[in-house]
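Engineer: Sharing a structure with you now.
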Amino acid sequence: MQLELRKLTKSFGDVHVLKDISFTTTSGRAMGFLGRNGSGKTTTMRCLMNVFPPDSGEIFLNGKPFVAKSASIGYLPEERGMYAKEPILDQLIYFARLRGADKKTATDNALFWLERVELSEYKNKKLEILSKGNQQKIQIIQAFLTDPDILILDEPFSGLDPVNSQLFKDIILDLLKEEKLIVFSSHQMAYVEEFCDDIALIHDGSIVLSGDLKKIKRERSWRQVLLETPTENVSQFLTTLSAEPPEKIKNSYRLKLQEDMSKEDLLTALLAQGVKVDSFNDYLPSLQQIFLESVGEQ
Amino acid sequence: MKRFGTVFSFEAKSFLRKKSFLVTTLILMLLFFSVSFIPRIIDIFFPEAFGSSNASEEAEEGVVLLSDDFTEEDFSRLGYLIYPDERSLRKDIEEENLSSGYVVKGLHSYELIFKDRPMGTVRFDEDFKTLREDNILSKMGVDTQAYREALQTPIETHYDIFGSDGFSNYPVTYLFIFIFYFLVIFYGNVISTSVAREKSDRTMELLITSTDSNSLLFGKVLGAGIIGVLQFSLLIIAALAGYYLNRDSFGFDISQFVQVGTRELIYFILFTLIGYFLYLFLFAGMGSAVSKVEDVASSTTPITLILVATYMVAVFSMNMPDSAVFKAASFIPFSSPMIMPSRANLTSVSDAQVLLSLGILILTGIFLGVFAARVYRMGTLNYGNRLSFKRMISGLFKNQ
């Protein structure tokens, strides 16, 4: 499956919230929709879910116009909205049935997911008695109940501790193996970096960068390498080998290859000088750096 | 409307699950039940409260006779104290030995003296009239004793009514109006608050992306509305049960007042239920037009005003069930639920008229339901801002 957003725009009054938002995502690949607070992530997701229509632009699923209601879709809204005062299992079944599941499937799936996120014991309790993080877990599994083909998750990791974040990363990875199409948004770049296959970076309502994350990183490595070495006082020597002054990052140095030099040439030169090498890699910028650079370019 | 049943049963069950709802129902039932014990309790402590007026409490009254038309015996026989002159009478009134005094000046004239004048008339007025009548009759040579006895024989009357009995149906009509008014006032606010809460808690975003707004709104209103009817019926049953237990202490039989034909009862139930849901749709629509629960009260005020105005028209026009206002109001969908059953009760209304009014009511109800569902759907479009009436109307005709 392929979901494509084409030139979505949306204004509220005089405020242009979305300006020509376009990106594509395919099933089986984790798509991170990333941006700062207030950049337009939630508005994009709401347009996608037809909470309100975009002013212009189109959304396609496999080349055909996308209708949120008729597709098999699970949605986690950014502002969590389940009933605080209703028992957890009852409302999970209710939401599943509203999306068309029969009673048995709804019940079985709700129990399965409660078990999976280790909250079975609270199934007959009201949602409000849970801690914020546990409420968040209930809100997330609400999106999985009908075993949808498409998952739209707005900030799924906010409010989760590292253990629970990992739990949901694992769940999402499992779902990706089942060829689900998953779009999730986040403002915590470091959190989702290891985990996204594709990204779309949004800033002030515009997409500043989108595509395959590995490819983007490689493109942005700019003939740079990262050298990790226990040898001391090598800065002077490294300066002579790097096209730009080397940057020390903890025990490592970021070096830029000189024009006539290959990675192999550099490594040979280092070894010839007796520099010990713990690791020697392409330097790949972090998502954070890519984001800052991309926003800076605007 | 695919998920109507799912929403309906969830909403209804969510009331029945709530401890606060069950406790409130129980407390109210108990209250309604125990109110009927009040006459019995009063009976125990003040046995004469419901009997004749208790003469023992009444202070004495004095009379000064300045006319030869009456004898002192005439008044003392009736329990008045006779005073020789006005001065001593006034003195005793001032010192509160007497509640009041009367100076009889002639056959057609007397003066009343009070320290503080009580509400209403005094018994002296009636007594004086009777004495004067006796006096005049005996002067004419009539045997007053025989005259009074002759008047004691009751007059036999018979009403032959082939339309509605407006006189006997008055109390039950009032009861109908009262039940409708309270049903709507009680549960209208429950509905609008619950919708507004869904909106402010953002539950609406989950709901609206899960299923269609018609299922949601109709399911919600009908589900919660039925529970309201159930609760209200329980209260009425509790009150009736209490009444039947304490029937003897009331001193009157309720069935004397509450007589209603089957046809009128069916009209009442139909109009009340449909009208009730029509109002609930309005309340739900208004609840989804605001974004905070605190704003519900101000946004539902217009509906409450319509309801109160209808109530006023109903109550004040009940004496004139054939007036133009009453007739017109029995066809207007907002007032017909209260007024058409009243009209049918108080005067003759043809079935055709009733059915026409019912038809208008049902169509308007469906229209308002769809309208409310649209407003509900639009509620998600404008977080933070209150929907203006203009936008509500324009949104109604926009294709979604």
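Here, A, B, ... name the chains of the structure tokens in the order displayed, residue numbers run from 1 inside each chain, and ligands are numbered from 1 in the same displayed order.
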Select, as a ChimeraX atom specification, those residues of chain B with any atom no more than 7 Å from chain A (distances computed using only C-alpha atoms).

Structural biologist: /B:3,6,201-203,205-206,209-211,380-381

Engineer: May I have the residues within 12 Å of stretch 245-248 of chain A as a PyMOL selection string, using only C-alpha atoms and disregarding those fewer than 6 positions away in the same chain?

Structural biologist: chain A and resi 224-229+233-239+254-258+283

Engineer: I'd like to know which of A:Asp161, A:Asp20, A:Asp154, A:Glu4 is closest to A:Ser56, using only C-alpha atoms.

Structural biologist: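 Smallest separation from A:Ser56 among the options: A:Asp20.
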
Engineer: I'd like to know which of B:Phe367, B:Ser138, B:Asp295, B:Tyr102 is closest to B:Asp125, using only C-alpha atoms.

Structural biologist: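 Under the stated criterion, the closest residue is B:Tyr102.
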
Engineer: Would you work out the distance separating atom CA of B:Pro302 from atom CA of B:Tyr279, expressed in Å to one decimal?

Structural biologist: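 Atom-to-atom, atom CA of B:Pro302 to atom CA of B:Tyr279, that is 11.6 Å.
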
Engineer: Find the residues near B:Ser109: any atom within 10 Å, counting only C-alpha atoms, skip ones fewer than 4 places away on the same chain, and give them as a list in words.

Structural biologist: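 Listed by chain and then number, they are Ser67, Val103, Val104, Lys105 and Phe128 of chain B.
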
Engineer: Please, could you write that set of residues out with N, CA and C atoms as an mmCIF file, in the first residue's frame?

Structural biologist:
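New file out28.cif:
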data_model
loop_
_atom_site.group_PDB
_atom_site.id
_atom_site.type_symbol
_atom_site.label_atom_id
_atom_site.label_comp_id
_atom_site.auth_asym_id
_atom_site.auth_seq_id
_atom_site.Cartn_x
_atom_site.Cartn_y
_atom_site.Cartn_z
ATOM 1 N N SER B 67 -77.745 49.308 68.610
ATOM 2 C CA SER B 67 -78.991 49.304 67.851
ATOM 3 C C SER B 67 -79.989 48.366 68.513
ATOM 4 N N VAL B 103 -68.727 47.058 66.337
ATOM 5 C CA VAL B 103 -69.724 47.957 66.898
ATOM 6 C C VAL B 103 -70.928 47.941 65.959
ATOM 7 N N VAL B 104 -72.049 47.341 66.433
ATOM 8 C CA VAL B 104 -73.241 47.228 65.582
ATOM 9 C C VAL B 104 -74.049 48.515 65.715
ATOM 10 N N LYS B 105 -74.185 49.254 64.587
ATOM 11 C CA LYS B 105 -74.810 50.568 64.648
ATOM 12 C C LYS B 105 -76.252 50.530 64.186
ATOM 13 N N PHE B 128 -73.251 38.353 60.781
ATOM 14 C CA PHE B 128 -74.103 39.547 60.747
ATOM 15 C C PHE B 128 -75.134 39.437 59.627
#

Engineer: Write out as a VMD selection string all residues of stretch 107-338 of chain B that DSSP puts in strand (DSSP E or B) for this structure's backbone.

Structural biologist: chain B and resid 109 to 114

Engineer: Write a file of the selected residues as a tab-separated table (two decimals), in the first residue's frame, keeping N, CA and C atoms.

Structural biologist:
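Result written to part.tsv:
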chain	number	residue	atom	x	y	z
B	109	SER	N	-75.58	48.39	59.30
B	109	SER	CA	-74.30	49.08	59.48
B	109	SER	C	-73.57	48.59	60.72
B	110	TYR	N	-72.28	48.30	60.56
B	110	TYR	CA	-71.45	47.99	61.73
B	110	TYR	C	-70.00	48.39	61.45
B	111	GLU	N	-69.25	48.53	62.53
B	111	GLU	CA	-67.87	48.97	62.41
B	111	GLU	C	-66.96	47.85	62.90
B	112	LEU	N	-65.86	47.61	62.21
B	112	LEU	CA	-64.92	46.56	62.64
B	112	LEU	C	-63.70	47.22	63.23
B	113	ILE	N	-63.24	46.73	64.38
B	113	ILE	CA	-62.07	47.32	65.03
B	113	ILE	C	-60.99	46.24	65.19
B	114	PHE	N	-59.81	46.55	64.65
B	114	PHE	CA	-58.69	45.60	64.77
B	114	PHE	C	-57.49	46.31	65.34

Engineer: If we count only C-alpha atoms and set the cut-off at 12 Å, which residues sit around A:Ile171, ignoring sequence neighbours fewer than 5 positions away in its own chain? Please answer as a list in words.

Structural biologist: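 The residues that qualify are Ala30, Trp113, Arg116, Val117, Lys137, Ile140, Ile141, Phe144, Pro156, Asn164, Ser165, Gln166, Leu176, Lys177, Glu178, Lys180, Ile182 and Phe195 of chain A.
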
Engineer: Which one is closest to B:Ile237: B:Ala146, B:Leu216, B:Leu28, B:Ala314? Count only C-alpha atoms.

Structural biologist: B:Leu28

Engineer: Extract, using only C-alpha atoms, all DNA, RNA and protein residues at most 12 Å from A:Asn37, discarding same-chain residues fewer than 2 positions from it, and format them as an MDAnalysis selection string.

Structural biologist: chainID A and resid 34:35 39:43 78 155 185:188 202:205

Engineer: Export, as a JSON list (two decimals), in the first residue's frame, the selected residues with C-alpha atoms.

Structural biologist:
[["chain", "number", "residue", "atom", "x", "y", "z"],
["A", 34, "LEU", "CA", 8.78, 14.98, 12.54],
["A", 35, "GLY", "CA", 8.75, 18.59, 13.54],
["A", 39, "SER", "CA", 4.81, 23.05, 13.15],
["A", 40, "GLY", "CA", 1.60, 21.51, 11.73],
["A", 41, "LYS", "CA", 1.97, 17.79, 12.46],
["A", 42, "THR", "CA", -1.35, 17.37, 14.21],
["A", 43, "THR", "CA", -3.21, 19.49, 11.67],
["A", 78, "GLU", "CA", -2.75, 13.82, 19.68],
["A", 155, "GLU", "CA", 2.86, 11.50, 19.12],
["A", 185, "SER", "CA", 4.54, 11.91, 14.42],
["A", 186, "SER", "CA", 7.05, 12.99, 17.00],
["A", 187, "HIS", "CA", 8.95, 16.01, 18.19],
["A", 188, "GLN", "CA", 11.54, 13.89, 19.98],
["A", 202, "ILE", "CA", 7.85, 19.66, 8.77],
["A", 203, "HIS", "CA", 8.72, 23.20, 9.79],
["A", 204, "ASP", "CA", 6.30, 26.13, 9.96],
["A", 205, "GLY", "CA", 3.74, 24.21, 7.92]]

Engineer: Would you kindly return, as JSON, numbers by chain, each protein, DNA or RNA residue with an atom no farther than 8 Å from any atom of stretch 185-191 of chain B, considering only C-alpha atoms and excluding same-chain residues fewer than 2 positions away?

Structural biologist: {"B": [181, 182, 183, 193, 194, 195, 221, 224, 225, 228, 279, 280, 283, 284, 287, 304]}

Engineer: I'd like the contact shell of B:Glu72 - 10 Å cut-off, only C-alpha atoms, skipping same-chain residues fewer than 4 positions apart - returned as a PyMOL selection string.

Structural biologist: chain B and resi 63-65+68+76-77+80-83

Engineer: When DSSP is applied to the backbone of this structure, which of stretch 20-109 of chain B are assigned alpha helix (DSSP H)? Write them out as a ChimeraX atom specification.

Structural biologist: /B:20-35,38-45,72-76,86-94

Engineer: With only C-alpha atoms as the atoms that count, which of A:Gly296, A:Gly32, A:Pro54, A:Pro230 lies nearest to A:Met189?

Structural biologist: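 Looking at the shortest contact to A:Met189, the residue is A:Gly32.
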